[in-house]
file target.cif (mmCIF, C-alpha atoms)
data_data
loop_
_atom_site.group_PDB
_atom_site.id
_atom_site.type_symbol
_atom_site.label_atom_id
_atom_site.label_comp_id
_atom_site.auth_asym_id
_atom_site.auth_seq_id
_atom_site.Cartn_x
_atom_site.Cartn_y
_atom_site.Cartn_z
ATOM 1 C CA MET A 152 -6.257 -124.168 -25.891
ATOM 2 C CA HIS A 153 -2.910 -124.098 -27.659
ATOM 3 C CA ARG A 154 -1.711 -126.658 -25.112
ATOM 4 C CA PHE A 155 -3.765 -129.176 -27.130
ATOM 5 C CA ALA A 156 -2.460 -127.985 -30.511
ATOM 6 C CA ASN A 157 -0.158 -130.995 -30.589
ATOM 7 C CA PRO A 158 -2.217 -133.954 -31.936
ATOM 8 C CA ALA A 159 -0.240 -136.432 -29.786
ATOM 9 C CA ARG A 160 -1.099 -134.499 -26.603
ATOM 10 C CA PHE A 161 -4.717 -134.138 -27.722
ATOM 11 C CA LEU A 162 -5.011 -137.871 -28.478
ATOM 12 C CA LYS A 163 -3.566 -138.780 -25.076
ATOM 13 C CA ILE A 164 -6.575 -137.064 -23.490
ATOM 14 C CA ALA A 165 -9.153 -137.850 -26.206
ATOM 15 C CA ARG A 166 -8.640 -141.644 -26.137
ATOM 16 C CA PRO A 167 -9.810 -142.287 -22.551
ATOM 17 C CA LEU A 168 -12.258 -139.369 -22.651
ATOM 18 C CA THR A 169 -14.204 -140.907 -25.572
ATOM 19 C CA GLY A 170 -15.415 -143.856 -23.480
ATOM 20 C CA TRP A 171 -15.943 -141.755 -20.348
ATOM 21 C CA LEU A 172 -18.313 -139.499 -22.311
ATOM 22 C CA PHE A 173 -19.973 -142.126 -24.519
ATOM 23 C CA TRP A 174 -21.164 -144.713 -21.993
ATOM 24 C CA PRO A 175 -22.487 -142.350 -19.260
ATOM 25 C CA GLY A 176 -24.106 -140.289 -22.039
ATOM 26 C CA LEU A 177 -25.821 -143.343 -23.528
ATOM 27 C CA LEU A 178 -26.957 -144.499 -20.070
ATOM 28 C CA LEU A 179 -28.362 -141.076 -19.180
ATOM 29 C CA LEU A 180 -30.222 -140.600 -22.452
ATOM 30 C CA ILE A 181 -31.763 -144.085 -22.249
ATOM 31 C CA ALA A 182 -32.736 -143.501 -18.594
ATOM 32 C CA GLY A 183 -34.179 -140.060 -19.405
ATOM 33 C CA ALA A 184 -36.140 -141.368 -22.392
ATOM 34 C CA ALA A 185 -37.480 -144.321 -20.357
ATOM 35 C CA CYS A 186 -38.539 -142.000 -17.508
ATOM 36 C CA GLY A 187 -40.161 -139.638 -20.015
ATOM 37 C CA LEU A 188 -42.047 -142.487 -21.654
ATOM 38 C CA TRP A 189 -43.270 -144.321 -18.573
ATOM 39 C CA LEU A 190 -42.857 -142.282 -15.383
ATOM 40 C CA THR A 191 -44.273 -138.857 -16.254
ATOM 41 C CA PRO A 192 -47.992 -138.050 -16.541
ATOM 42 C CA ALA A 193 -49.637 -137.217 -19.857
ATOM 43 C CA ASP A 194 -50.223 -133.507 -20.513
ATOM 44 C CA TYR A 195 -53.778 -132.291 -19.834
ATOM 45 C CA LEU A 196 -54.007 -130.774 -23.334
ATOM 46 C CA GLN A 197 -51.513 -132.620 -25.557
ATOM 47 C CA GLY A 198 -51.933 -136.041 -23.971
ATOM 48 C CA ASP A 199 -49.134 -138.564 -24.518
ATOM 49 C CA THR A 200 -47.578 -136.717 -27.465
ATOM 50 C CA VAL A 201 -45.911 -134.381 -24.940
ATOM 51 C CA ARG A 202 -43.374 -137.218 -24.407
ATOM 52 C CA ILE A 203 -41.747 -136.240 -27.715
ATOM 53 C CA LEU A 204 -40.406 -133.232 -25.750
ATOM 54 C CA TYR A 205 -37.629 -135.381 -24.210
ATOM 55 C CA ILE A 206 -35.979 -136.022 -27.589
ATOM 56 C CA HIS A 207 -37.105 -132.991 -29.601
ATOM 57 C CA VAL A 208 -35.590 -130.377 -27.228
ATOM 58 C CA PRO A 209 -32.138 -132.081 -26.950
ATOM 59 C CA ALA A 210 -32.112 -132.480 -30.756
ATOM 60 C CA ALA A 211 -32.811 -128.742 -31.214
ATOM 61 C CA TRP A 212 -30.191 -127.882 -28.560
ATOM 62 C CA LEU A 213 -27.520 -130.029 -30.251
ATOM 63 C CA GLY A 214 -28.407 -128.877 -33.774
ATOM 64 C CA MET A 215 -27.930 -125.239 -32.703
ATOM 65 C CA GLY A 216 -25.083 -126.034 -30.283
ATOM 66 C CA GLY A 217 -23.280 -127.952 -33.033
ATOM 67 C CA TRP A 218 -23.242 -124.938 -35.333
ATOM 68 C CA THR A 219 -22.132 -122.708 -32.461
ATOM 69 C CA GLY A 220 -19.228 -125.149 -32.024
ATOM 70 C CA ILE A 221 -18.422 -124.933 -35.753
ATOM 71 C CA ALA A 222 -18.429 -121.114 -35.563
ATOM 72 C CA LEU A 223 -16.133 -121.126 -32.498
ATOM 73 C CA ALA A 224 -13.796 -123.597 -34.231
ATOM 74 C CA ALA A 225 -13.805 -121.379 -37.337
ATOM 75 C CA LEU A 226 -12.929 -118.347 -35.198
ATOM 76 C CA MET A 227 -10.053 -120.261 -33.574
ATOM 77 C CA GLN A 228 -8.808 -121.334 -37.011
ATOM 78 C CA LEU A 229 -9.042 -117.879 -38.599
ATOM 79 C CA VAL A 230 -7.764 -115.781 -35.685
ATOM 80 C CA TRP A 231 -5.411 -118.042 -33.712
ATOM 81 C CA ARG A 232 -4.529 -120.580 -36.445
ATOM 82 C CA HIS A 233 -5.208 -123.433 -34.024
ATOM 83 C CA PRO A 234 -4.257 -126.592 -35.961
ATOM 84 C CA LEU A 235 -7.048 -128.745 -34.487
ATOM 85 C CA ALA A 236 -9.855 -126.184 -34.888
ATOM 86 C CA GLY A 237 -10.637 -127.198 -38.473
ATOM 87 C CA VAL A 238 -10.589 -130.877 -37.462
ATOM 88 C CA ALA A 239 -13.111 -130.104 -34.705
ATOM 89 C CA GLY A 240 -15.332 -128.203 -37.167
ATOM 90 C CA ARG A 241 -15.320 -131.140 -39.608
ATOM 91 C CA ALA A 242 -16.016 -133.597 -36.765
ATOM 92 C CA ILE A 243 -19.007 -131.608 -35.448
ATOM 93 C CA ALA A 244 -20.722 -131.183 -38.839
ATOM 94 C CA ALA A 245 -22.220 -134.678 -39.365
ATOM 95 C CA PRO A 246 -23.676 -135.214 -35.838
ATOM 96 C CA GLY A 247 -24.890 -131.582 -35.885
ATOM 97 C CA ALA A 248 -26.689 -132.166 -39.191
ATOM 98 C CA LEU A 249 -28.143 -135.423 -37.843
ATOM 99 C CA PHE A 250 -29.626 -133.707 -34.783
ATOM 100 C CA THR A 251 -31.018 -130.855 -36.880
ATOM 101 C CA ALA A 252 -32.723 -133.475 -39.078
ATOM 102 C CA ILE A 253 -34.004 -135.321 -35.969
ATOM 103 C CA CYS A 254 -35.322 -132.015 -34.578
ATOM 104 C CA LEU A 255 -37.196 -131.340 -37.843
ATOM 105 C CA ALA A 256 -38.535 -134.909 -38.065
ATOM 106 C CA THR A 257 -39.675 -135.172 -34.432
ATOM 107 C CA GLY A 258 -41.148 -131.657 -34.597
ATOM 108 C CA SER A 259 -43.118 -132.612 -37.687
ATOM 109 C CA ILE A 260 -44.346 -135.845 -36.049
ATOM 110 C CA TRP A 261 -45.318 -133.848 -32.918
ATOM 111 C CA GLY A 262 -47.015 -131.150 -35.025
ATOM 112 C CA ARG A 263 -49.472 -133.486 -36.772
ATOM 113 C CA PRO A 264 -51.525 -134.486 -33.674
ATOM 114 C CA THR A 265 -50.943 -131.147 -31.869
ATOM 115 C CA TRP A 266 -51.393 -128.528 -34.627
ATOM 116 C CA GLY A 267 -53.144 -130.684 -37.250
ATOM 117 C CA THR A 268 -50.310 -130.260 -39.772
ATOM 118 C CA TRP A 269 -46.951 -131.897 -40.481
ATOM 119 C CA TRP A 270 -45.318 -128.626 -41.597
ATOM 120 C CA GLU A 271 -45.835 -124.877 -41.589
ATOM 121 C CA TRP A 272 -43.556 -122.319 -43.254
ATOM 122 C CA ASP A 273 -43.225 -120.207 -40.121
ATOM 123 C CA GLY A 274 -40.118 -118.552 -38.658
ATOM 124 C CA ARG A 275 -39.009 -121.361 -36.324
ATOM 125 C CA MET A 276 -39.426 -124.277 -38.699
ATOM 126 C CA THR A 277 -38.059 -122.453 -41.745
ATOM 127 C CA SER A 278 -34.964 -121.147 -39.906
ATOM 128 C CA MET A 279 -34.301 -124.666 -38.560
ATOM 129 C CA LEU A 280 -34.575 -126.044 -42.113
ATOM 130 C CA VAL A 281 -32.102 -123.350 -43.235
ATOM 131 C CA LEU A 282 -29.724 -124.594 -40.501
ATOM 132 C CA PHE A 283 -29.963 -128.117 -41.938
ATOM 133 C CA PHE A 284 -29.065 -126.819 -45.408
ATOM 134 C CA LEU A 285 -26.181 -124.816 -43.907
ATOM 135 C CA TYR A 286 -24.827 -128.054 -42.402
ATOM 136 C CA LEU A 287 -25.065 -129.795 -45.795
ATOM 137 C CA GLY A 288 -23.243 -126.881 -47.432
ATOM 138 C CA TYR A 289 -20.521 -126.924 -44.752
ATOM 139 C CA ILE A 290 -20.034 -130.710 -45.117
ATOM 140 C CA ALA A 291 -19.786 -130.402 -48.935
ATOM 141 C CA LEU A 292 -17.273 -127.526 -48.676
ATOM 142 C CA ALA A 293 -15.198 -129.295 -46.005
ATOM 143 C CA ASN A 294 -15.053 -132.547 -47.991
ATOM 144 C CA ALA A 295 -14.166 -130.732 -51.212
ATOM 145 C CA SER A 296 -11.381 -128.711 -49.560
ATOM 146 C CA ALA A 297 -9.997 -131.843 -47.857
ATOM 147 C CA ARG A 298 -9.967 -133.731 -51.197
ATOM 148 C CA GLN A 299 -8.206 -130.863 -52.979
ATOM 149 C CA GLY A 300 -5.593 -130.524 -50.237
ATOM 150 C CA GLN A 301 -6.614 -126.941 -49.371
ATOM 151 C CA ALA A 302 -7.328 -127.725 -45.751
ATOM 152 C CA ALA A 303 -5.192 -125.959 -43.205
ATOM 153 C CA GLY A 304 -3.221 -128.001 -40.665
ATOM 154 C CA GLN A 305 -3.982 -131.586 -39.670
ATOM 155 C CA GLY A 306 -6.901 -132.556 -41.948
ATOM 156 C CA GLY A 307 -8.954 -129.472 -41.108
ATOM 157 C CA VAL A 308 -11.003 -127.242 -43.388
ATOM 158 C CA SER A 309 -10.145 -124.480 -45.877
ATOM 159 C CA THR A 310 -10.355 -120.785 -45.004
ATOM 160 C CA VAL A 311 -13.474 -120.426 -47.190
ATOM 161 C CA THR A 312 -15.161 -123.275 -45.266
ATOM 162 C CA ALA A 313 -14.224 -121.660 -41.939
ATOM 163 C CA ILE A 314 -15.663 -118.306 -43.083
ATOM 164 C CA PHE A 315 -18.854 -120.109 -44.161
ATOM 165 C CA GLY A 316 -19.062 -121.654 -40.663
ATOM 166 C CA LEU A 317 -18.631 -118.257 -39.042
ATOM 167 C CA VAL A 318 -21.123 -116.400 -41.271
ATOM 168 C CA GLY A 319 -23.709 -119.193 -40.929
ATOM 169 C CA ALA A 320 -23.819 -118.539 -37.174
ATOM 170 C CA VAL A 321 -26.057 -115.534 -37.876
ATOM 171 C CA ASN A 322 -28.899 -118.073 -38.195
ATOM 172 C CA ILE A 323 -28.564 -119.234 -34.558
ATOM 173 C CA PRO A 324 -30.033 -116.109 -32.870
ATOM 174 C CA ILE A 325 -32.668 -115.988 -35.636
ATOM 175 C CA ILE A 326 -33.790 -119.538 -34.713
ATOM 176 C CA ASN A 327 -33.766 -118.645 -31.019
ATOM 177 C CA ARG A 328 -35.790 -115.413 -31.360
ATOM 178 C CA SER A 329 -38.033 -116.554 -34.260
ATOM 179 C CA VAL A 330 -40.973 -117.426 -31.971
ATOM 180 C CA VAL A 331 -40.768 -113.953 -30.407
ATOM 181 C CA TRP A 332 -40.305 -111.935 -33.618
ATOM 182 C CA TRP A 333 -42.961 -113.652 -35.791
ATOM 183 C CA ASN A 334 -46.358 -115.271 -35.293
ATOM 184 C CA SER A 335 -45.821 -118.996 -35.151
ATOM 185 C CA LEU A 336 -47.646 -122.254 -34.516
ATOM 186 C CA HIS A 337 -44.640 -123.113 -32.375
ATOM 187 C CA GLN A 338 -44.935 -122.155 -28.719
ATOM 188 C CA GLY A 339 -42.866 -119.280 -27.306
ATOM 189 C CA PRO A 340 -39.759 -119.869 -25.167
ATOM 190 C CA SER A 341 -40.721 -122.407 -22.432
ATOM 191 C CA ILE A 342 -37.380 -122.526 -20.631
ATOM 192 C CA THR A 343 -35.629 -119.208 -19.958
ATOM 193 C CA LEU A 344 -33.124 -117.881 -17.417
ATOM 194 C CA ARG A 345 -36.107 -116.742 -15.329
ATOM 195 C CA GLY A 346 -37.541 -120.263 -15.093
ATOM 196 C CA SER A 347 -39.735 -122.730 -16.960
ATOM 197 C CA SER A 348 -43.380 -122.658 -17.977
ATOM 198 C CA ILE A 349 -43.381 -126.491 -18.069
ATOM 199 C CA ASP A 350 -44.682 -128.160 -14.914
ATOM 200 C CA GLY A 351 -42.001 -129.835 -12.781
ATOM 201 C CA SER A 352 -43.740 -133.227 -13.006
ATOM 202 C CA LEU A 353 -43.105 -133.198 -16.791
ATOM 203 C CA LEU A 354 -39.784 -131.340 -16.825
ATOM 204 C CA TRP A 355 -37.368 -133.489 -14.788
ATOM 205 C CA PRO A 356 -36.521 -136.234 -17.386
ATOM 206 C CA LEU A 357 -35.569 -133.481 -19.847
ATOM 207 C CA GLY A 358 -32.468 -132.739 -17.739
ATOM 208 C CA LEU A 359 -31.385 -136.379 -18.079
ATOM 209 C CA THR A 360 -31.868 -136.544 -21.865
ATOM 210 C CA LEU A 361 -30.266 -133.107 -22.379
ATOM 211 C CA LEU A 362 -27.164 -134.113 -20.422
ATOM 212 C CA GLY A 363 -27.102 -137.629 -21.922
ATOM 213 C CA PHE A 364 -27.344 -136.481 -25.546
ATOM 214 C CA THR A 365 -24.744 -133.738 -24.907
ATOM 215 C CA LEU A 366 -22.198 -136.231 -23.482
ATOM 216 C CA TRP A 367 -22.951 -138.654 -26.333
ATOM 217 C CA PHE A 368 -22.506 -135.845 -28.901
ATOM 218 C CA ALA A 369 -19.128 -134.889 -27.393
ATOM 219 C CA ALA A 370 -17.995 -138.539 -27.572
ATOM 220 C CA ILE A 371 -19.017 -138.789 -31.241
ATOM 221 C CA VAL A 372 -17.092 -135.566 -32.025
ATOM 222 C CA LEU A 373 -13.991 -137.026 -30.315
ATOM 223 C CA MET A 374 -14.360 -140.296 -32.293
ATOM 224 C CA ARG A 375 -14.577 -138.359 -35.554
ATOM 225 C CA MET A 376 -11.621 -136.126 -34.643
ATOM 226 C CA ARG A 377 -9.544 -139.224 -33.841
ATOM 227 C CA ALA A 378 -10.533 -140.739 -37.206
ATOM 228 C CA ILE A 379 -9.581 -137.572 -39.134
ATOM 229 C CA LEU A 380 -6.201 -137.341 -37.345
ATOM 230 C CA ALA A 381 -5.431 -141.023 -38.022
ATOM 231 C CA GLN A 382 -6.467 -140.718 -41.700
ATOM 232 C CA ASN A 383 -4.309 -137.616 -42.004
ATOM 233 C CA LYS A 384 -1.332 -139.463 -40.513
ATOM 234 C CA VAL A 385 -1.719 -142.334 -42.999
ATOM 235 C CA GLU A 386 -2.065 -139.910 -45.911
ATOM 236 C CA ALA A 387 1.018 -137.904 -44.866
ATOM 237 C CA ARG A 388 3.087 -141.099 -44.568
ATOM 238 C CA MET A 389 1.904 -142.352 -47.982
ATOM 239 C CA GLN A 390 2.876 -139.033 -49.577
ATOM 240 C CA ARG A 391 6.335 -139.190 -47.974
ATOM 241 C CA LEU A 392 6.803 -142.783 -49.214
ATOM 242 C CA ALA A 393 5.635 -141.821 -52.723
ATOM 243 C CA ARG A 394 8.194 -138.989 -52.825
ATOM 244 C CA GLY A 395 10.863 -141.473 -51.762
ATOM 245 C CA MET B 137 -55.903 -140.673 -33.495
ATOM 246 C CA ASN B 138 -53.557 -142.971 -31.557
ATOM 247 C CA GLN B 139 -51.095 -140.622 -29.841
ATOM 248 C CA TRP B 140 -48.665 -143.401 -28.976
ATOM 249 C CA ALA B 141 -48.085 -144.109 -32.701
ATOM 250 C CA PHE B 142 -46.622 -140.578 -33.041
ATOM 251 C CA VAL B 143 -44.528 -141.001 -29.886
ATOM 252 C CA VAL B 144 -43.147 -144.351 -31.083
ATOM 253 C CA ALA B 145 -42.366 -142.899 -34.546
ATOM 254 C CA ALA B 146 -40.456 -139.933 -33.024
ATOM 255 C CA TYR B 147 -38.454 -142.135 -30.642
ATOM 256 C CA GLY B 148 -37.814 -144.662 -33.437
ATOM 257 C CA VAL B 149 -36.347 -141.992 -35.746
ATOM 258 C CA THR B 150 -34.119 -140.701 -32.931
ATOM 259 C CA ALA B 151 -32.963 -144.168 -31.829
ATOM 260 C CA ALA B 152 -32.140 -145.173 -35.416
ATOM 261 C CA GLY B 153 -30.203 -141.947 -36.093
ATOM 262 C CA THR B 154 -28.287 -142.191 -32.813
ATOM 263 C CA ALA B 155 -27.425 -145.874 -33.325
ATOM 264 C CA ILE B 156 -26.296 -145.417 -36.942
ATOM 265 C CA MET B 157 -24.165 -142.358 -36.071
ATOM 266 C CA SER B 158 -22.574 -144.229 -33.128
ATOM 267 C CA PHE B 159 -21.747 -147.271 -35.254
ATOM 268 C CA VAL B 160 -20.451 -145.357 -38.283
ATOM 269 C CA SER B 161 -18.292 -143.003 -36.161
ATOM 270 C CA TRP B 162 -16.847 -145.869 -34.098
ATOM 271 C CA ARG B 163 -16.122 -148.023 -37.183
ATOM 272 C CA THR B 164 -14.483 -145.108 -39.057
ATOM 273 C CA MET B 165 -12.326 -144.341 -36.002
ATOM 274 C CA ARG B 166 -11.293 -147.983 -35.498
ATOM 275 C CA ARG B 167 -10.414 -148.486 -39.173
ATOM 276 C CA ALA B 168 -8.424 -145.237 -39.355
ATOM 277 C CA GLU B 169 -6.515 -145.893 -36.112
ATOM 278 C CA THR B 170 -5.791 -149.508 -37.107
ATOM 279 C CA ALA B 171 -4.414 -148.295 -40.454
ATOM 280 C CA ALA B 172 -2.294 -145.645 -38.692
ATOM 281 C CA GLU B 173 -0.893 -148.218 -36.228
ATOM 282 C CA ALA B 174 0.019 -150.538 -39.112
ATOM 283 C CA LEU B 175 2.151 -147.910 -40.866
ATOM 284 C CA PRO B 176 5.676 -149.137 -41.725
ATOM 285 C CA GLY B 177 8.443 -147.697 -39.547
ATOM 286 C CA ARG B 178 5.990 -146.190 -37.048
ATOM 287 C CA ALA B 179 7.763 -144.247 -34.322
#

call {"tool": "encode", "arguments": {"input": "target.cif", "output": "structure tokens"}}
result
Amino acid sequence: MHRFANPARFLKIARPLTGWLFWPGLLLLIAGAACGLWLTPADYLQGDTVRILYIHVPAAWLGMGGWTGIALAALMQLVWRHPLAGVAGRAIAAPGALFTAICLATGSIWGRPTWGTWWEWDGRMTSMLVLFFLYLGYIALANASARQGQAAGQGGVSTVTAIFGLVGAVNIPIINRSVVWWNSLHQGPSITLRGSSIDGSLLWPLGLTLLGFTLWFAAIVLMRMRAILAQNKVEARMQRLARG
Amino acid sequence: MNQWAFVVAAYGVTAAGTAIMSFVSWRTMRRAETAAEALPGRA
């Protein structure tokens, strides 16, 4: 990973990669959503509302995956002092928060016709809401440290922000196991390493939207990393000019 | 209860969020890279 510690080398790869990830990702997620809306049968119990599955599950995956990425970036910053790790953490935070919010919103919309309620303070929903607040806290800390010039390396985040990112990762296994540990309106794990409890006729578009949203998410992270690096370059040059 | 109204609302929220995030991220990147390219004495 230290091969990409040089921003110039990283940008050489990131520039073409952004488009290669963005457009196939967008195409796949649109195709998956269209197939989920029009080509799959309605569920025998939930009816047409089961189609929310194709956006709700990728949103949950990216909300949790985003924070896992922040924690890994924090680890790389704290242990190996990788100069781009903090930049990656900052770049992941906003799309991660967005997908956590989308997961909560689509889950609530799905819950009303299925469970008869928009919200329930159970383990899964509450821990997901905590994740959303963790993202907001991380974004506030990262922005504050960047403004005060405490960020390490090339426009990254402060040590305190990185530690917050690492400690916050304790919520990820709690979200994952919440439906097993506590009684919940939310169903138990449907897709595990042993297989899926969802019928194949309903499951297949989920692979398309999962892959599509993941590629799209990676492209957005690259765009935001490129923006941070460019802003940092301008700021560094301005400071040099001001010093004469 | 019209089930499709809930489906449309969920997809609408997701499409709006995805489109706004795409646009904002792309515009921020373009502006920042344009400003960096316009720096005086750029190597």

call {"tool": "residues_around", "arguments": {"input": "target.cif", "residues": "B:Met165", "least_positions_apart": "2", "cutoff": "7 Å", "atoms": "all atoms listed in the file", "output": "short mmCIF file (atom, residue, chain, number, x, y, z; two decimals) with C-alpha atoms, in the frame of the given file"}}
result
data_model
loop_
_atom_site.label_atom_id
_atom_site.label_comp_id
_atom_site.auth_asym_id
_atom_site.auth_seq_id
_atom_site.Cartn_x
_atom_site.Cartn_y
_atom_site.Cartn_z
CA MET A 374 -14.36 -140.30 -32.29
CA ARG A 375 -14.58 -138.36 -35.55
CA ARG A 377 -9.54 -139.22 -33.84
CA ALA A 378 -10.53 -140.74 -37.21
CA SER B 161 -18.29 -143.00 -36.16
CA TRP B 162 -16.85 -145.87 -34.10
CA ARG B 163 -16.12 -148.02 -37.18
CA ARG B 167 -10.41 -148.49 -39.17
CA ALA B 168 -8.42 -145.24 -39.35
CA GLU B 169 -6.52 -145.89 -36.11
#

call {"tool": "closest_atom_pairs", "arguments": {"input": "target.cif", "of": "chain B", "to": "chain A", "cutoff": "9 Å", "atoms": "only C-alpha atoms", "output": "CSV"}}
result
residue,atom,partner,partner_atom,distance
B:Met137,CA,A:Pro264,CA,7.6
B:Asn138,CA,A:Pro264,CA,9.0
B:Gln139,CA,A:Thr200,CA,5.8
B:Trp140,CA,A:Asp199,CA,6.6
B:Phe142,CA,A:Ile260,CA,6.1
B:Val143,CA,A:Thr200,CA,5.8
B:Val144,CA,A:Ile203,CA,8.9
B:Ala145,CA,A:Ile260,CA,7.5
B:Ala146,CA,A:Thr257,CA,5.0
B:Tyr147,CA,A:Ile206,CA,7.3
B:Val149,CA,A:Ile253,CA,7.1
B:Thr150,CA,A:Ile253,CA,6.2
B:Gly153,CA,A:Leu249,CA,7.1
B:Thr154,CA,A:Leu249,CA,8.4
B:Met157,CA,A:Pro246,CA,7.2
B:Ser158,CA,A:Ile371,CA,6.8
B:Ser161,CA,A:Arg375,CA,6.0
B:Trp162,CA,A:Met374,CA,6.4
B:Thr164,CA,A:Ala378,CA,6.2
B:Met165,CA,A:Ala378,CA,4.2
B:Arg166,CA,A:Ala378,CA,7.5
B:Arg167,CA,A:Ala378,CA,8.0
B:Ala168,CA,A:Ala381,CA,5.3
B:Glu169,CA,A:Ala381,CA,5.3
B:Thr170,CA,A:Ala381,CA,8.5
B:Ala171,CA,A:Val385,CA,7.0
B:Ala172,CA,A:Val385,CA,5.5
B:Glu173,CA,A:Ala381,CA,8.7
B:Leu175,CA,A:Val385,CA,7.1
B:Pro176,CA,A:Arg388,CA,8.9

call {"tool": "resolve_selection", "arguments": {"input": "target.cif", "expression": "the PyMOL selection byres ((chain A and resi 324) around 12)", "output": "list in words"}}
result
Met215, Gly216, Trp218, Thr219, Gly274, Arg275, Ser278, Met279, Leu282, Gly319, Ala320, Val321, Asn322, Ile323, Ile325, Ile326, Asn327, Arg328, Ser329, Val330, Val331 and Trp332 of chain A

call {"tool": "atom_distance", "arguments": {"input": "target.cif", "atom1": "atom CA of A:Leu190", "atom2": "atom CA of A:Leu366"}}
result
23.0 Å

call {"tool": "resolve_selection", "arguments": {"input": "target.cif", "expression": "the PyMOL selection byres ((chain A and resi 336-345) around 8)", "output": "list in words"}}
result
Trp266, Glu271, Asp273, Arg275, Val330, Val331, Asn334, Ser335, Gly346, Ser347, Ser348 and Ile349 of chain A

call {"tool": "build_atoms", "arguments": {"input": "target.cif", "residues": "stretch 337-356 of chain A", "atoms": "N, CA and C atoms", "output": "PDB file, in the frame of the given file"}}
result
ATOM      1  N   HIS A 337     -45.534-122.636 -33.435  1.00  0.00           N
ATOM      2  CA  HIS A 337     -44.640-123.113 -32.375  1.00  0.00           C
ATOM      3  C   HIS A 337     -44.823-122.252 -31.129  1.00  0.00           C
ATOM      4  N   GLN A 338     -44.786-122.902 -29.971  1.00  0.00           N
ATOM      5  CA  GLN A 338     -44.935-122.155 -28.719  1.00  0.00           C
ATOM      6  C   GLN A 338     -43.760-121.194 -28.507  1.00  0.00           C
ATOM      7  N   GLY A 339     -43.946-120.199 -27.653  1.00  0.00           N
ATOM      8  CA  GLY A 339     -42.866-119.280 -27.306  1.00  0.00           C
ATOM      9  C   GLY A 339     -41.823-119.983 -26.444  1.00  0.00           C
ATOM     10  N   PRO A 340     -40.788-119.232 -26.000  1.00  0.00           N
ATOM     11  CA  PRO A 340     -39.759-119.869 -25.167  1.00  0.00           C
ATOM     12  C   PRO A 340     -40.358-120.450 -23.877  1.00  0.00           C
ATOM     13  N   SER A 341     -40.158-121.765 -23.636  1.00  0.00           N
ATOM     14  CA  SER A 341     -40.721-122.407 -22.432  1.00  0.00           C
ATOM     15  C   SER A 341     -39.721-122.420 -21.290  1.00  0.00           C
ATOM     16  N   ILE A 342     -38.421-122.475 -21.663  1.00  0.00           N
ATOM     17  CA  ILE A 342     -37.380-122.526 -20.631  1.00  0.00           C
ATOM     18  C   ILE A 342     -36.473-121.311 -20.841  1.00  0.00           C
ATOM     19  N   THR A 343     -36.469-120.407 -19.870  1.00  0.00           N
ATOM     20  CA  THR A 343     -35.629-119.208 -19.958  1.00  0.00           C
ATOM     21  C   THR A 343     -34.775-119.114 -18.687  1.00  0.00           C
ATOM     22  N   LEU A 344     -33.955-118.070 -18.617  1.00  0.00           N
ATOM     23  CA  LEU A 344     -33.124-117.881 -17.417  1.00  0.00           C
ATOM     24  C   LEU A 344     -33.999-117.575 -16.193  1.00  0.00           C
ATOM     25  N   ARG A 345     -35.219-117.078 -16.451  1.00  0.00           N
ATOM     26  CA  ARG A 345     -36.107-116.742 -15.329  1.00  0.00           C
ATOM     27  C   ARG A 345     -36.885-117.956 -14.823  1.00  0.00           C
ATOM     28  N   GLY A 346     -36.820-119.074 -15.527  1.00  0.00           N
ATOM     29  CA  GLY A 346     -37.541-120.263 -15.093  1.00  0.00           C
ATOM     30  C   GLY A 346     -38.192-120.979 -16.257  1.00  0.00           C
ATOM     31  N   SER A 347     -39.098-121.914 -15.925  1.00  0.00           N
ATOM     32  CA  SER A 347     -39.735-122.730 -16.960  1.00  0.00           C
ATOM     33  C   SER A 347     -41.253-122.660 -16.830  1.00  0.00           C
ATOM     34  N   SER A 348     -41.915-122.632 -17.990  1.00  0.00           N
ATOM     35  CA  SER A 348     -43.380-122.658 -17.977  1.00  0.00           C
ATOM     36  C   SER A 348     -43.904-124.100 -18.000  1.00  0.00           C
ATOM     37  N   ILE A 349     -42.990-125.075 -18.076  1.00  0.00           N
ATOM     38  CA  ILE A 349     -43.381-126.491 -18.069  1.00  0.00           C
ATOM     39  C   ILE A 349     -43.459-126.957 -16.619  1.00  0.00           C
ATOM     40  N   ASP A 350     -44.522-127.692 -16.289  1.00  0.00           N
ATOM     41  CA  ASP A 350     -44.682-128.160 -14.914  1.00  0.00           C
ATOM     42  C   ASP A 350     -43.544-129.118 -14.524  1.00  0.00           C
ATOM     43  N   GLY A 351     -43.120-129.024 -13.268  1.00  0.00           N
ATOM     44  CA  GLY A 351     -42.001-129.835 -12.781  1.00  0.00           C
ATOM     45  C   GLY A 351     -42.198-131.330 -12.961  1.00  0.00           C
ATOM     46  N   SER A 352     -43.464-131.786 -12.878  1.00  0.00           N
ATOM     47  CA  SER A 352     -43.740-133.227 -13.006  1.00  0.00           C
ATOM     48  C   SER A 352     -43.425-133.731 -14.419  1.00  0.00           C
ATOM     49  N   LEU A 353     -43.419-132.820 -15.406  1.00  0.00           N
ATOM     50  CA  LEU A 353     -43.105-133.198 -16.791  1.00  0.00           C
ATOM     51  C   LEU A 353     -41.657-132.855 -17.156  1.00  0.00           C
ATOM     52  N   LEU A 354     -41.075-131.922 -16.411  1.00  0.00           N
ATOM     53  CA  LEU A 354     -39.784-131.340 -16.825  1.00  0.00           C
ATOM     54  C   LEU A 354     -38.566-132.202 -16.479  1.00  0.00           C
ATOM     55  N   TRP A 355     -38.611-132.901 -15.323  1.00  0.00           N
ATOM     56  CA  TRP A 355     -37.368-133.489 -14.788  1.00  0.00           C
ATOM     57  C   TRP A 355     -36.641-134.468 -15.718  1.00  0.00           C
ATOM     58  N   PRO A 356     -37.328-135.344 -16.519  1.00  0.00           N
ATOM     59  CA  PRO A 356     -36.521-136.234 -17.386  1.00  0.00           C
ATOM     60  C   PRO A 356     -35.780-135.492 -18.492  1.00  0.00           C
TER      61      PRO A 356
END
